[in-house]
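Novice: So here's query14.tsv (TSV, C-alpha atoms and all ligand atoms).
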```tsv
chain	number	residue	atom	x	y	z
A	1	MET	CA	0.00	0.00	0.00
A	2	SER	CA	2.98	2.23	-0.60
A	3	GLY	CA	2.20	5.89	-1.16
A	4	SER	CA	-1.50	5.75	-0.51
A	5	SER	CA	-3.88	5.58	2.38
A	6	LEU	CA	-7.12	3.66	2.85
A	7	THR	CA	-9.95	6.08	3.60
A	8	ASP	CA	-13.06	5.36	5.68
A	9	ASP	CA	-15.10	4.45	2.62
A	10	GLY	CA	-12.47	1.94	1.49
A	11	SER	CA	-11.03	3.99	-1.36
A	12	PHE	CA	-7.34	4.84	-1.66
A	13	MET	CA	-6.15	8.39	-1.45
A	14	THR	CA	-2.84	9.67	-2.76
A	15	ARG	CA	-0.94	12.56	-1.23
A	16	VAL	CA	-0.69	15.86	-3.06
A	17	VAL	CA	1.57	18.84	-2.28
A	18	THR	CA	0.74	21.95	-4.31
A	19	ILE	CA	3.13	24.80	-5.16
A	20	ASP	CA	1.54	27.80	-6.85
A	21	GLY	CA	2.88	31.26	-7.58
A	22	PRO	CA	3.93	33.74	-10.26
A	23	ALA	CA	6.30	33.15	-13.17
A	24	GLY	CA	9.96	32.64	-12.28
A	25	ALA	CA	9.38	32.10	-8.55
A	26	GLY	CA	11.36	28.84	-8.71
A	27	LYS	CA	8.30	26.57	-8.46
A	28	SER	CA	9.51	23.94	-10.95
A	29	THR	CA	12.96	23.47	-9.49
A	30	VAL	CA	11.67	23.41	-5.93
A	31	ALA	CA	8.80	21.04	-6.78
A	32	ARG	CA	11.08	18.67	-8.72
A	33	ARG	CA	13.64	18.52	-5.90
A	34	LEU	CA	10.97	18.01	-3.26
A	35	ALA	CA	9.37	15.23	-5.29
A	36	ASP	CA	12.77	13.50	-5.61
A	37	ARG	CA	13.34	13.79	-1.91
A	38	LEU	CA	9.93	12.33	-1.09
A	39	GLY	CA	10.07	9.65	-3.77
A	40	TRP	CA	6.85	11.13	-5.24
A	41	ARG	CA	6.10	12.18	-8.85
A	42	PHE	CA	6.56	15.76	-10.02
A	43	LEU	CA	3.83	17.43	-12.08
A	44	ASP	CA	4.66	20.61	-14.02
A	45	THR	CA	1.22	21.91	-15.05
A	46	GLY	CA	2.71	24.90	-16.89
A	47	ALA	CA	4.28	22.34	-19.24
A	48	LEU	CA	0.79	21.14	-20.15
A	49	TYR	CA	-0.36	24.66	-21.10
A	50	ARG	CA	2.87	25.06	-23.05
A	51	VAL	CA	2.40	21.79	-24.95
A	52	VAL	CA	-1.07	22.82	-26.07
A	53	THR	CA	0.35	26.21	-27.11
A	54	LEU	CA	3.15	24.57	-29.10
A	55	ALA	CA	0.69	22.25	-30.85
A	56	ALA	CA	-1.54	25.22	-31.75
A	57	LEU	CA	1.42	27.17	-33.17
A	58	ARG	CA	2.68	24.19	-35.16
A	59	ARG	CA	-0.72	23.36	-36.58
A	60	GLY	CA	-1.61	26.97	-37.34
A	61	VAL	CA	-4.64	26.88	-35.02
A	62	ASP	CA	-6.29	30.25	-34.37
A	63	LEU	CA	-5.26	30.97	-30.77
A	64	THR	CA	-8.16	33.37	-30.33
A	65	SER	CA	-10.81	30.79	-31.23
A	66	GLU	CA	-12.22	28.92	-28.23
A	67	ALA	CA	-13.83	26.35	-30.52
A	68	ALA	CA	-10.57	25.68	-32.36
A	69	LEU	CA	-8.61	25.32	-29.10
A	70	GLY	CA	-11.26	22.98	-27.71
A	71	GLU	CA	-11.00	20.78	-30.81
A	72	LEU	CA	-7.22	20.85	-30.72
A	73	VAL	CA	-6.83	19.83	-27.08
A	74	ALA	CA	-9.13	16.85	-27.59
A	75	THR	CA	-6.78	15.42	-30.23
A	76	LEU	CA	-3.47	15.67	-28.33
A	77	THR	CA	-1.64	12.85	-26.59
A	78	VAL	CA	0.65	14.26	-23.93
A	79	SER	CA	2.89	12.36	-21.56
A	80	LEU	CA	5.22	13.59	-18.84
A	81	PRO	CA	7.79	10.88	-18.16
A	82	PRO	CA	10.25	11.95	-15.42
A	83	GLY	CA	12.32	14.86	-16.77
A	84	GLY	CA	10.60	15.04	-20.16
A	85	VAL	CA	7.56	16.26	-22.07
A	86	PHE	CA	6.17	14.35	-25.04
A	87	LEU	CA	3.57	15.48	-27.54
A	88	ASP	CA	2.09	12.77	-29.77
A	89	GLY	CA	5.16	10.62	-29.13
A	90	GLN	CA	7.68	13.38	-29.93
A	91	ASP	CA	10.09	14.84	-27.34
A	92	VAL	CA	9.19	18.54	-26.95
A	93	THR	CA	10.95	19.13	-23.61
A	94	GLN	CA	13.02	22.02	-25.02
A	95	ALA	CA	10.59	23.20	-27.71
A	96	ILE	CA	7.95	24.26	-25.15
A	97	ARG	CA	10.36	26.63	-23.36
A	98	THR	CA	10.91	29.17	-26.12
A	99	VAL	CA	10.00	32.85	-25.77
A	100	GLU	CA	7.39	32.43	-28.52
A	101	VAL	CA	5.57	29.60	-26.73
A	102	THR	CA	5.78	31.47	-23.42
A	103	ARG	CA	4.19	34.60	-24.95
A	104	SER	CA	1.45	32.71	-26.76
A	105	SER	CA	0.51	30.54	-23.76
A	106	ARG	CA	-1.88	33.20	-22.47
A	107	PHE	CA	-4.51	32.38	-25.06
A	108	VAL	CA	-4.45	28.73	-24.11
A	109	ALA	CA	-4.49	29.54	-20.38
A	110	ASP	CA	-7.65	31.62	-20.90
A	111	SER	CA	-9.53	28.85	-22.71
A	112	PRO	CA	-12.24	27.13	-20.61
A	113	SER	CA	-12.18	23.95	-22.68
A	114	VAL	CA	-8.41	23.65	-22.45
A	115	ARG	CA	-8.50	24.23	-18.67
A	116	ARG	CA	-11.28	21.68	-18.18
A	117	ARG	CA	-9.38	19.02	-20.09
A	118	LEU	CA	-6.04	19.75	-18.41
A	119	ASN	CA	-7.62	19.77	-14.94
A	120	ASN	CA	-8.98	16.27	-15.59
A	121	TRP	CA	-5.58	15.19	-16.87
A	122	GLN	CA	-3.89	16.54	-13.72
A	123	ARG	CA	-6.34	14.77	-11.37
A	124	ALA	CA	-5.89	11.53	-13.29
A	125	PHE	CA	-2.10	11.89	-12.91
A	126	ALA	CA	-2.56	12.15	-9.14
A	127	ALA	CA	-4.98	9.22	-8.97
A	128	ASP	CA	-2.26	6.62	-8.71
A	129	HIS	CA	0.83	8.55	-7.58
A	130	ASP	CA	1.71	10.76	-4.63
A	131	ILE	CA	2.67	14.03	-6.32
A	132	VAL	CA	4.25	17.43	-5.87
A	133	THR	CA	2.48	19.64	-8.40
A	134	GLU	CA	3.18	23.21	-9.43
A	135	GLY	CA	1.20	25.84	-11.31
A	136	ARG	CA	-1.19	28.69	-10.65
A	137	ASP	CA	-4.44	26.99	-9.58
A	138	GLN	CA	-3.31	23.74	-8.02
A	139	GLY	CA	-4.15	24.55	-4.39
A	140	THR	CA	-7.23	26.62	-5.14
A	141	LEU	CA	-9.02	24.67	-7.83
A	142	VAL	CA	-7.48	21.43	-9.02
A	143	PHE	CA	-6.52	19.92	-5.64
A	144	PRO	CA	-8.50	21.80	-2.96
A	145	ASP	CA	-7.97	18.88	-0.53
A	146	ALA	CA	-4.19	18.71	-1.01
A	147	PHE	CA	-2.09	17.48	1.92
A	148	ARG	CA	0.05	20.64	1.97
A	149	LYS	CA	-0.24	23.85	-0.08
A	150	TYR	CA	2.45	26.48	-0.70
A	151	TYR	CA	2.53	29.75	-2.60
A	152	LEU	CA	6.02	30.81	-3.69
A	153	THR	CA	6.80	34.46	-4.35
A	154	ALA	CA	9.90	36.58	-5.01
A	155	SER	CA	10.45	40.15	-6.14
A	156	ALA	CA	9.76	40.82	-9.84
A	157	GLU	CA	13.45	41.64	-10.43
A	158	GLU	CA	14.69	38.45	-8.81
A	159	ARG	CA	12.20	36.34	-10.77
A	160	ALA	CA	13.24	37.99	-14.03
A	161	ARG	CA	16.93	37.40	-13.23
A	162	ARG	CA	16.28	33.69	-12.60
A	163	ARG	CA	14.30	33.26	-15.83
A	164	LEU	CA	16.86	35.23	-17.85
A	165	ALA	CA	19.58	32.83	-16.65
A	166	GLU	CA	17.46	29.90	-17.89
A	167	TYR	CA	17.01	31.49	-21.34
A	168	GLN	CA	20.73	32.28	-21.57
A	169	ALA	CA	21.66	28.73	-20.58
A	170	ARG	CA	19.62	27.56	-23.56
A	171	GLY	CA	21.28	30.08	-25.88
A	172	GLU	CA	18.16	32.24	-26.35
A	173	SER	CA	18.91	35.91	-26.64
A	174	VAL	CA	16.47	38.07	-24.68
A	175	SER	CA	16.95	41.15	-22.51
A	176	PHE	CA	16.35	41.48	-18.77
A	177	GLU	CA	13.77	44.21	-19.47
A	178	ALA	CA	11.89	41.98	-21.91
A	179	VAL	CA	11.69	39.12	-19.39
A	180	LEU	CA	10.59	41.51	-16.63
A	181	ARG	CA	7.88	42.98	-18.86
A	182	ASP	CA	6.74	39.54	-19.98
A	183	HIS	CA	6.43	38.37	-16.35
A	184	GLN	CA	4.52	41.48	-15.35
A	185	GLU	CA	2.06	41.02	-18.21
A	186	ARG	CA	1.62	37.30	-17.60
A	187	ASP	CA	1.24	37.69	-13.82
A	188	ALA	CA	-1.35	40.45	-14.26
A	189	ARG	CA	-3.33	38.30	-16.68
A	190	ASP	CA	-2.98	35.14	-14.57
A	191	ALA	CA	-4.18	37.01	-11.47
A	192	ALA	CA	-7.06	38.80	-13.21
A	193	ARG	CA	-8.41	35.78	-15.09
A	194	ALA	CA	-12.04	35.07	-14.23
A	195	LEU	CA	-11.41	31.36	-14.60
A	196	ALA	CA	-8.87	29.84	-12.20
A	197	PRO	CA	-7.09	33.07	-11.26
A	198	MET	CA	-3.60	32.81	-9.80
A	199	LYS	CA	-3.86	33.34	-6.05
A	200	PRO	CA	-2.85	31.62	-2.83
A	201	ALA	CA	-5.39	29.13	-1.48
A	202	ASP	CA	-6.87	30.27	1.85
A	203	ASP	CA	-4.99	27.46	3.58
A	204	ALA	CA	-1.70	27.87	1.68
A	205	THR	CA	1.58	28.81	3.35
A	206	ILE	CA	3.18	31.80	1.63
A	207	ILE	CA	6.91	31.36	1.04
A	208	GLU	CA	8.85	34.54	0.18
A	209	THR	CA	12.01	33.40	-1.64
A	210	THR	CA	13.77	36.68	-2.49
A	211	GLY	CA	17.37	36.30	-1.34
A	212	SER	CA	16.99	32.58	-0.61
A	213	THR	CA	18.74	29.81	-2.51
A	214	ILE	CA	16.78	26.94	-4.02
A	215	ASP	CA	18.40	24.63	-1.45
A	216	GLN	CA	17.13	26.80	1.40
A	217	VAL	CA	13.58	26.86	0.02
A	218	VAL	CA	13.56	23.09	-0.54
A	219	ALA	CA	14.89	22.49	2.99
A	220	ARG	CA	12.21	24.74	4.48
A	221	LEU	CA	9.39	22.98	2.66
A	222	ALA	CA	10.82	19.52	3.33
A	223	GLU	CA	10.93	20.29	7.05
A	224	ASP	CA	7.34	21.52	7.04
A	225	ILE	CA	6.12	18.47	5.10
A	226	GLN	CA	8.00	16.12	7.39
A	227	ARG	CA	6.35	17.68	10.43
A	228	HIS	CA	2.91	17.32	8.88
A	229	LEU	CA	3.57	13.76	7.71
A	230	GLU	CA	4.51	12.78	11.24
A	231	GLN	CA	1.26	14.25	12.53
A	232	SER	CA	-0.89	12.79	9.77
A	233	SER	CA	-2.71	9.48	9.37
A	234	TRP	CA	0.03	8.49	6.92
A	235	GLY	CA	2.40	8.32	9.90
A	236	VAL	CA	6.15	8.40	9.85
A	237	GLU	CA	6.70	6.17	6.81
A	238	GLY	CA	6.70	9.14	4.43
A	239	ALA	CA	8.64	11.28	6.86
A	240	ARG	CA	11.38	8.70	7.06
A	241	ARG	CA	11.70	8.66	3.29
A	242	LEU	CA	12.05	12.43	3.32
A	243	THR	CA	15.01	12.47	5.67
A	244	SER	CA	16.84	9.48	4.23
B	301	LIG	O1	4.63	28.02	-15.26
B	301	LIG	P1	4.81	28.29	-16.72
B	301	LIG	O2	5.51	29.57	-17.01
B	301	LIG	O3	5.45	27.13	-17.44
B	301	LIG	O4	3.32	28.41	-17.30
B	301	LIG	C1	3.05	28.81	-18.63
B	301	LIG	C2	1.69	29.52	-18.65
B	301	LIG	O5	0.65	28.58	-18.41
B	301	LIG	C3	1.54	30.60	-17.57
B	301	LIG	O6	1.86	31.87	-18.03
B	301	LIG	C4	0.11	30.54	-17.16
B	301	LIG	O7	-0.63	31.50	-17.86
B	301	LIG	C5	-0.35	29.16	-17.60
B	301	LIG	N1	-0.66	28.27	-16.48
B	301	LIG	C6	-1.92	28.28	-15.97
B	301	LIG	N2	-2.28	27.42	-14.98
B	301	LIG	C7	-1.39	26.55	-14.48
B	301	LIG	C8	-0.07	26.53	-14.97
B	301	LIG	C9	0.28	27.43	-15.98
B	301	LIG	O8	-2.76	29.08	-16.42
B	301	LIG	N3	-1.76	25.69	-13.53
```
Represent the structure from my file as structure tokens, please.

Specialist:
Amino acid sequence: MSGSSLTDDGSFMTRVVTIDGPAGAGKSTVARRLADRLGWRFLDTGALYRVVTLAALRRGVDLTSEAALGELVATLTVSLPPGGVFLDGQDVTQAIRTVEVTRSSRFVADSPSVRRRLNNWQRAFAADHDIVTEGRDQGTLVFPDAFRKYYLTASAEERARRRLAEYQARGESVSFEAVLRDHQERDARDAARALAPMKPADDATIIETTGSTIDQVVARLAEDIQRHLEQSSWGVEGARRLTS
């Protein structure tokens, strides 16, 4: 019965840790490291919105047409093996990270039919794995009963610096100002969206990461999760895995 717990009605329940927050707050790196530490799966929900965006761009789908996006998302086969992203059997791990995909993702993120489909996909992913998931709406909407919820923030400048370093590591040429502007626009849209707006869940712990290293943030969250695992019905089994 590893990684799941028998509930009163006899069903199994997996554990979910959610990490939400604005662009460039370090969610992916922190979530991936935490998942490794726990022996759980990592779910990057931004990657799903990016895959749909990439498919729309490649197929010349009208990004402003809700009907066209709804049809598109119903035809895609997406898989997230550890460390990779596959679209219809093709490795698109790098292709979804370009500036063009990032900029165009807003249309896809605003589409109700895309969100509905991706929410179902995300819940299905969690049905048979314990997961650490990151995105904008994980604690509020997709997993309201998550075991632990966090909301990661950092100053706009620090977030832009972190994202710029990622672009530069991939050889993409983009300015600090452009990344900062892009984040500001995306964050404003993500927060103002009527459907699944980006915001901390009422029961989320806010983690301010400006000036902290990734290691420090991971250690802080790991400690908090360990404490809650020890107190929970799942007992110390998960907590032991975390410290080993
Ligand atoms: O996190 P990432 O930058 O990869 O996300 C790409 C875009 O997907 C974001 O700008 C956001 O608009 C959207 N997104 C979302 N809901 C999520 C995850 C990402 O709307 N759960």

Novice: Which neighbours of Asp110 (chain A) fall inside 10 Å, counting all atoms listed in the file, when residues of the same chain fewer than 3 positions from it are skipped, and could you give them as an mmCIF file with C-alpha atoms, in the coordinates of the input?

Specialist:
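Here's the written file part-v5.cif:
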```
data_model
loop_
_atom_site.group_PDB
_atom_site.id
_atom_site.type_symbol
_atom_site.label_atom_id
_atom_site.label_comp_id
_atom_site.auth_asym_id
_atom_site.auth_seq_id
_atom_site.Cartn_x
_atom_site.Cartn_y
_atom_site.Cartn_z
ATOM 1 C CA THR A 64 -8.160 33.370 -30.330
ATOM 2 C CA GLU A 66 -12.220 28.920 -28.230
ATOM 3 C CA SER A 105 0.510 30.540 -23.760
ATOM 4 C CA ARG A 106 -1.880 33.200 -22.470
ATOM 5 C CA PHE A 107 -4.510 32.380 -25.060
ATOM 6 C CA SER A 113 -12.180 23.950 -22.680
ATOM 7 C CA VAL A 114 -8.410 23.650 -22.450
ATOM 8 C CA ARG A 115 -8.500 24.230 -18.670
ATOM 9 C CA ARG A 189 -3.330 38.300 -16.680
ATOM 10 C CA ASP A 190 -2.980 35.140 -14.570
ATOM 11 C CA ARG A 193 -8.410 35.780 -15.090
ATOM 12 C CA ALA A 194 -12.040 35.070 -14.230
ATOM 13 C CA LEU A 195 -11.410 31.360 -14.600
ATOM 14 C CA ALA A 196 -8.870 29.840 -12.200
ATOM 15 C CA PRO A 197 -7.090 33.070 -11.260
#
```

Novice: Would you mind reading off the distance between CA of Leu43 (chain A) and CA of Glu208 (chain A), one decimal, in Å?

Specialist: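 Separation of CA of Leu43 (chain A) and CA of Glu208 (chain A): 21.6 Å.
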
Novice: Collect all residues with atoms no farther than 8 Å from ligand LIG 301 (chain B), counting only C-alpha atoms and all ligand atoms, and output them as a PyMOL selection string.

Specialist: chain A and resi 20+22-24+27-28+44-50+97+102-103+105-106+108-110+115+134-138+186-187+189-190+196-198

Novice: Can you pull out the residues contacting Ala201 (chain A)? Cut-off 10 Å, using all atoms listed in the file, and skip same-chain residues under 4 positions away; I want them as a VMD selection string.

Specialist: chain A and resid 18 20 137 to 141 144 149 to 151 205 to 206

Novice: Have a look at CA of Arg148 (chain A) and CA of Val132 (chain A) and let me know their distance in Å, one decimal.

Specialist: 9.5 Å

Novice: Restricting the calculation to all atoms listed in the file, which member of A:Ala55, A:Ala146, A:Arg33, A:Ala222 is positioned closest to Ala204 (chain A)?

Specialist: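 Once distances to Ala204 (chain A) are computed over all atoms listed in the file, the minimum belongs to A:Ala146.
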
Novice: Would you mind telling me which residue in A:Leu229, A:Ala95, A:Leu34, A:Ile207 lies nearest to Ala154 (chain A) when using all atoms listed in the file?

Specialist: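 Of A:Leu229, A:Ala95, A:Leu34, A:Ile207, the one nearest Ala154 (chain A), counting all atoms listed in the file, is A:Ile207.
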
Novice: Please determine, counting all atoms listed in the file, which residue among A:Ser104, A:Leu152, A:Ala178, A:Ala192 has the shortest atom-to-atom distance to Asp62 (chain A).

Specialist: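 Residue with the minimum atom-to-atom distance to Asp62 (chain A): A:Ser104.
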
Novice: Excluding same-chain residues fewer than 2 positions from Leu87 (chain A), what lies within 6 Å of it counting all atoms listed in the file, as a VMD selection string?

Specialist: chain A and resid 77 to 78 89 to 90

Novice: Using only C-alpha atoms, which of the listed residues (A:Val142, A:Leu38, A:Val30, A:Met13) sits closest to Asp215 (chain A)?

Specialist: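 Checking each of A:Val142, A:Leu38, A:Val30, A:Met13 against Asp215 (chain A), counting only C-alpha atoms, the winner is A:Val30.
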
Novice: What does the distance from CA of Asp91 (chain A) to CA of Leu76 (chain A) come to in Å, to one decimal?

Specialist: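 Separation of CA of Asp91 (chain A) and CA of Leu76 (chain A): 13.6 Å.
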
Novice: I need the residue nearest Thr29 (chain A) from this list: A:Ile214, A:Leu63, A:Gln231, A:Ile131. Use all atoms listed in the file for the distance.

Specialist: A:Ile214

Novice: Counting only C-alpha atoms, which of A:Ala127, A:Val16, A:Leu54, A:Leu72 gets nearest to Thr98 (chain A)?

Specialist: A:Leu54

Novice: Report as a ChimeraX atom specification all protein, DNA and RNA residues lying within 8 Å of Phe176 (chain A), evaluated on only C-alpha atoms, omitting residues in the same chain fewer than 3 positions from it.

Specialist: /A:160-161,164,179-180
